[in-house]
Amino acid sequence: MTRRTSIRAARVLPAVIAAGVLVPVAAGAAPAATVPQVSCTSGKAGLGAKLQKDITAALASRKGTVAVGLYDRTTNTTCSLRATSSYDSASVVKVTVLATLLWDAKKTNRYLTTREANLATAMITKSDNAATTSLWKQLGTTKVKGFLKAAGMTRTVPGSGGYWGLTQINVQDEQKLLSLVTAKNSVLSDNSRAYILKLMGKVVASQRWGTPAGAPSSVAVHVKNGWLQRSTHGWRVHSIGAFQGGGHDYTISVLTHGNSTMSYGVDTIQAVARAIHKDLTPTAPAASRYTPTSTPKEAFVAVPQK
């Protein structure tokens with residue numbers, strides 16, 4: 001697990017570490033009132049209906065609150081659930097931080113410095129919090145807001161007081177971000193997009209859980225995850241990913257809160273991911289599908305106590 005760092009050490013949420021496992025101290029998960037209604041459409045006959053059925057089934061017995069976004073360019077397929085609901089970002093915001101850094105550098109036609117490149121690598125591949133804090137302070141919320149405006153991520157609100165992990169995110173904007181990272185556009189240069197995907201493709205094994213679950217070996221996986229525990233809504237557990245190969249080019253965002261434990265949230269996300277990958281690439285043999293680590297870890301994000 002990445003070394004825990006503090007943005008405001010005296011105010012970090014208390015936690016208990018035992019045998020290398022973070023023991024939750026927050027309230028448990030709230031039960032789901034109804035089976036969530038996923039909306040899917042597709043340019044491929046029958047695919048939208050199948051995805052809608054299978055994602056709904058994957059969530060039918062899960063507690064907590066889940067938001068889902070899917071877009072496959074190849075078949076013009078989209079799925080959406082609670083697309084504009086807001087969640088504390090935890091470490092998922094680190095992709096936005098990197099995108100902001102590259103967008104800002106592009107404006108002055110400069111390369112990243114060695115220091116910036118080292119911080120960016122640690123931030124994405126290891127989810128290093130100290131590196132994120134350094135880049136967040138360097139950029140400032142004004143530049144972050146500038147990138148969000150350029151990217152059309154109108155519902156994302158940067159965390160205040162240096163608490164980048166409390167940035168308010170939603171599936172709609174995370175899917176916009178992934179779309180910018182995976183297709184040519186005027187906001188991010190081709191080199192910047194390739195750099196972001198390169199780092200997301202090199203995330204350490206203990207953090208390659210979530211949306212990659214069930215992806216065929218023929219598909220390139222790029223992922224960034226995050227988790228955060230607070231006194232309300234239990235554990236937030238999120239995963240965003242971009243996938244290319246097997247005849248498809250698709251992005252997945254799954255945001256959750258109200259989980260009783262981190263592992264419970266991970267299991268929910270991976271159930272959704274497996275349904276999506278299987279429906280998009282049904283001919284891939286089960287033996288070739290990606291199975292994430294059984295002991296998922298992420299960086300513990302510093303937040304206020306309340």
# chains A, B, ... in the order shown; residues from 1 in each chain; ligands from 1

call {"tool": "residues_around", "arguments": {"residues": "Arg274 in chain A", "least_positions_apart": "2", "cutoff": "9 Å", "atoms": "only C-alpha atoms", "output": "ChimeraX atom specification"}}
result
/A:58,211-215,269-272,276-279

call {"tool": "write_last_selection", "arguments": {"atoms": "N, CA, C and O atoms", "output": "short mmCIF file (atom, residue, chain, number, x, y, z; two decimals), in the first residue's frame"}}
result
data_model
loop_
_atom_site.label_atom_id
_atom_site.label_comp_id
_atom_site.auth_asym_id
_atom_site.auth_seq_id
_atom_site.Cartn_x
_atom_site.Cartn_y
_atom_site.Cartn_z
N ALA A 58 -26.31 -7.78 -11.89
CA ALA A 58 -25.08 -7.71 -11.09
C ALA A 58 -25.27 -6.84 -9.85
O ALA A 58 -24.61 -7.03 -8.83
N THR A 211 -12.65 -2.00 -12.49
CA THR A 211 -13.19 -2.11 -13.85
C THR A 211 -12.44 -3.09 -14.76
O THR A 211 -13.04 -3.59 -15.71
N PRO A 212 -11.16 -3.43 -14.51
CA PRO A 212 -10.53 -4.43 -15.38
C PRO A 212 -11.03 -5.86 -15.17
O PRO A 212 -10.75 -6.73 -15.99
N ALA A 213 -11.77 -6.13 -14.10
CA ALA A 213 -12.20 -7.49 -13.79
C ALA A 213 -12.96 -8.11 -14.96
O ALA A 213 -13.95 -7.56 -15.42
N GLY A 214 -12.48 -9.23 -15.45
CA GLY A 214 -13.15 -9.93 -16.53
C GLY A 214 -12.76 -9.48 -17.92
O GLY A 214 -13.27 -10.03 -18.91
N ALA A 215 -11.85 -8.53 -18.04
CA ALA A 215 -11.41 -8.09 -19.38
C ALA A 215 -10.60 -9.19 -20.04
O ALA A 215 -9.76 -9.82 -19.40
N ILE A 269 -18.17 -3.32 -7.78
CA ILE A 269 -17.63 -2.79 -9.04
C ILE A 269 -17.23 -3.93 -9.98
O ILE A 269 -17.52 -3.89 -11.18
N GLN A 270 -16.59 -4.93 -9.44
CA GLN A 270 -16.09 -6.02 -10.29
C GLN A 270 -17.22 -6.89 -10.83
O GLN A 270 -17.11 -7.43 -11.93
N ALA A 271 -18.33 -6.97 -10.12
CA ALA A 271 -19.49 -7.69 -10.65
C ALA A 271 -20.04 -6.96 -11.89
O ALA A 271 -20.39 -7.59 -12.90
N VAL A 272 -20.10 -5.63 -11.80
CA VAL A 272 -20.55 -4.83 -12.95
C VAL A 272 -19.57 -4.96 -14.11
O VAL A 272 -19.97 -5.16 -15.27
N ILE A 276 -20.08 -6.36 -18.07
CA ILE A 276 -19.82 -5.53 -19.26
C ILE A 276 -18.82 -6.19 -20.19
O ILE A 276 -19.06 -6.30 -21.40
N HIS A 277 -17.69 -6.63 -19.66
CA HIS A 277 -16.67 -7.24 -20.51
C HIS A 277 -17.20 -8.50 -21.21
O HIS A 277 -16.91 -8.73 -22.39
N LYS A 278 -17.97 -9.28 -20.49
CA LYS A 278 -18.49 -10.52 -21.08
C LYS A 278 -19.48 -10.22 -22.20
O LYS A 278 -19.49 -10.90 -23.24
N ASP A 279 -20.32 -9.20 -22.02
CA ASP A 279 -21.31 -8.86 -23.05
C ASP A 279 -20.66 -8.24 -24.28
O ASP A 279 -21.11 -8.47 -25.41
#

call {"tool": "select_by_dssp", "arguments": {"residues": "range 38-253 of chain A", "states": "helix (DSSP H, G or I)", "output": "PyMOL selection string"}}
result
chain A and resi 47-59+90-107+114-125+129-151+164-166+171-182+190-200+205-207

call {"tool": "closest_residue", "arguments": {"among": "A:Gly161, A:Gly245, A:Pro292, A:Gly64", "to": "Gly210 in chain A", "atoms": "only C-alpha atoms"}}
result
A:Pro292

call {"tool": "residues_around", "arguments": {"residues": "Leu112 in chain A", "least_positions_apart": "6", "cutoff": "9 Å", "atoms": "only C-alpha atoms", "output": "number ranges by chain"}}
result
A: 101-102, 105

call {"tool": "residues_around", "arguments": {"residues": "Ile240 in chain A", "least_positions_apart": "3", "cutoff": "12 Å", "atoms": "only C-alpha atoms", "output": "MDAnalysis selection string"}}
result
chainID A and resid 67:71 89 91:96 169:179 181 200 207:213 221:226 237 243 250:256 269:270 273

call {"tool": "residues_around", "arguments": {"residues": "range 76-78 of chain A", "least_positions_apart": "5", "cutoff": "8 Å", "atoms": "only C-alpha atoms", "output": "list of chain:residue names"}}
result
A:Cys40, A:Thr41, A:Ser42, A:Gly43, A:Lys44, A:Leu47, A:Gly48, A:Gly69, A:Leu70, A:Tyr71

call {"tool": "closest_atom_pairs", "arguments": {"of": "range 189-218 of chain A", "to": "range 123-128 of chain A", "cutoff": "7 Å", "atoms": "only C-alpha atoms", "output": "CSV"}}
result
residue,atom,partner,partner_atom,distance
A:Leu199,CA,A:Thr125,CA,6.0
A:Met200,CA,A:Ile124,CA,6.4
A:Lys202,CA,A:Thr125,CA,5.7
A:Val203,CA,A:Thr125,CA,3.9
A:Val204,CA,A:Thr125,CA,5.8

call {"tool": "select_by_dssp", "arguments": {"residues": "range 66-228 of chain A", "states": "strand (DSSP E)", "output": "JSON, numbers by chain"}}
result
{"A": [66, 67, 68, 69, 70, 71, 72, 77, 78, 79, 80, 81, 87, 88, 168, 169, 220, 221, 222, 223, 224, 225, 226, 227, 228]}

call {"tool": "write_last_selection", "arguments": {"atoms": "C-alpha atoms", "output": "compact mmCIF listing (two decimals), in the first residue's frame"}}
result
# COMPACT_ATOMS: atom_id res chain seq x y z
CA VAL A 66 -23.80 2.80 -7.31
CA ALA A 67 -23.35 4.92 -10.43
CA VAL A 68 -22.30 3.38 -13.75
CA GLY A 69 -21.14 4.72 -17.10
CA LEU A 70 -20.15 2.78 -20.23
CA TYR A 71 -19.29 3.92 -23.72
CA ASP A 72 -18.08 1.70 -26.55
CA THR A 77 -23.07 1.60 -27.04
CA THR A 78 -23.79 3.58 -23.88
CA CYS A 79 -25.04 2.60 -20.44
CA SER A 80 -25.88 4.98 -17.65
CA LEU A 81 -26.99 4.81 -14.02
CA TYR A 87 -19.39 11.34 -4.96
CA ASP A 88 -16.23 12.22 -3.02
CA GLN A 168 -17.00 16.10 -6.16
CA ILE A 169 -17.15 13.83 -9.20
CA ALA A 220 -5.30 -3.39 -23.23
CA VAL A 221 -6.25 -2.26 -19.72
CA HIS A 222 -5.84 1.26 -18.30
CA VAL A 223 -7.22 1.92 -14.82
CA LYS A 224 -7.30 4.29 -11.86
CA ASN A 225 -9.05 3.46 -8.61
CA GLY A 226 -9.77 5.16 -5.34
CA TRP A 227 -11.25 4.51 -1.94
CA LEU A 228 -12.10 6.64 1.05

call {"tool": "atom_distance", "arguments": {"atom1": "CA of Gln52 in chain A", "atom2": "CA of Thr84 in chain A"}}
result
18.4 Å

call {"tool": "atom_distance", "arguments": {"atom1": "CA of Thr74 in chain A", "atom2": "CA of Leu280 in chain A"}}
result
10.1 Å

call {"tool": "residues_around", "arguments": {"residues": "Leu180 in chain A", "least_positions_apart": "4", "cutoff": "10 Å", "atoms": "only C-alpha atoms", "output": "PyMOL selection string"}}
result
chain A and resi 99+151+174-176+184-190+193

call {"tool": "closest_residue", "arguments": {"among": "A:Thr167, A:Asn259, A:Thr154, A:Ser206", "to": "Thr295 in chain A", "atoms": "only C-alpha atoms"}}
result
A:Ser206

call {"tool": "atom_distance", "arguments": {"atom1": "CA of Thr261 in chain A", "atom2": "CA of Tyr290 in chain A"}}
result
23.1 Å

call {"tool": "closest_residue", "arguments": {"among": "A:Gly265, A:Ala287, A:Thr100, A:Gln244", "to": "Lys149 in chain A", "atoms": "only C-alpha atoms"}}
result
A:Thr100
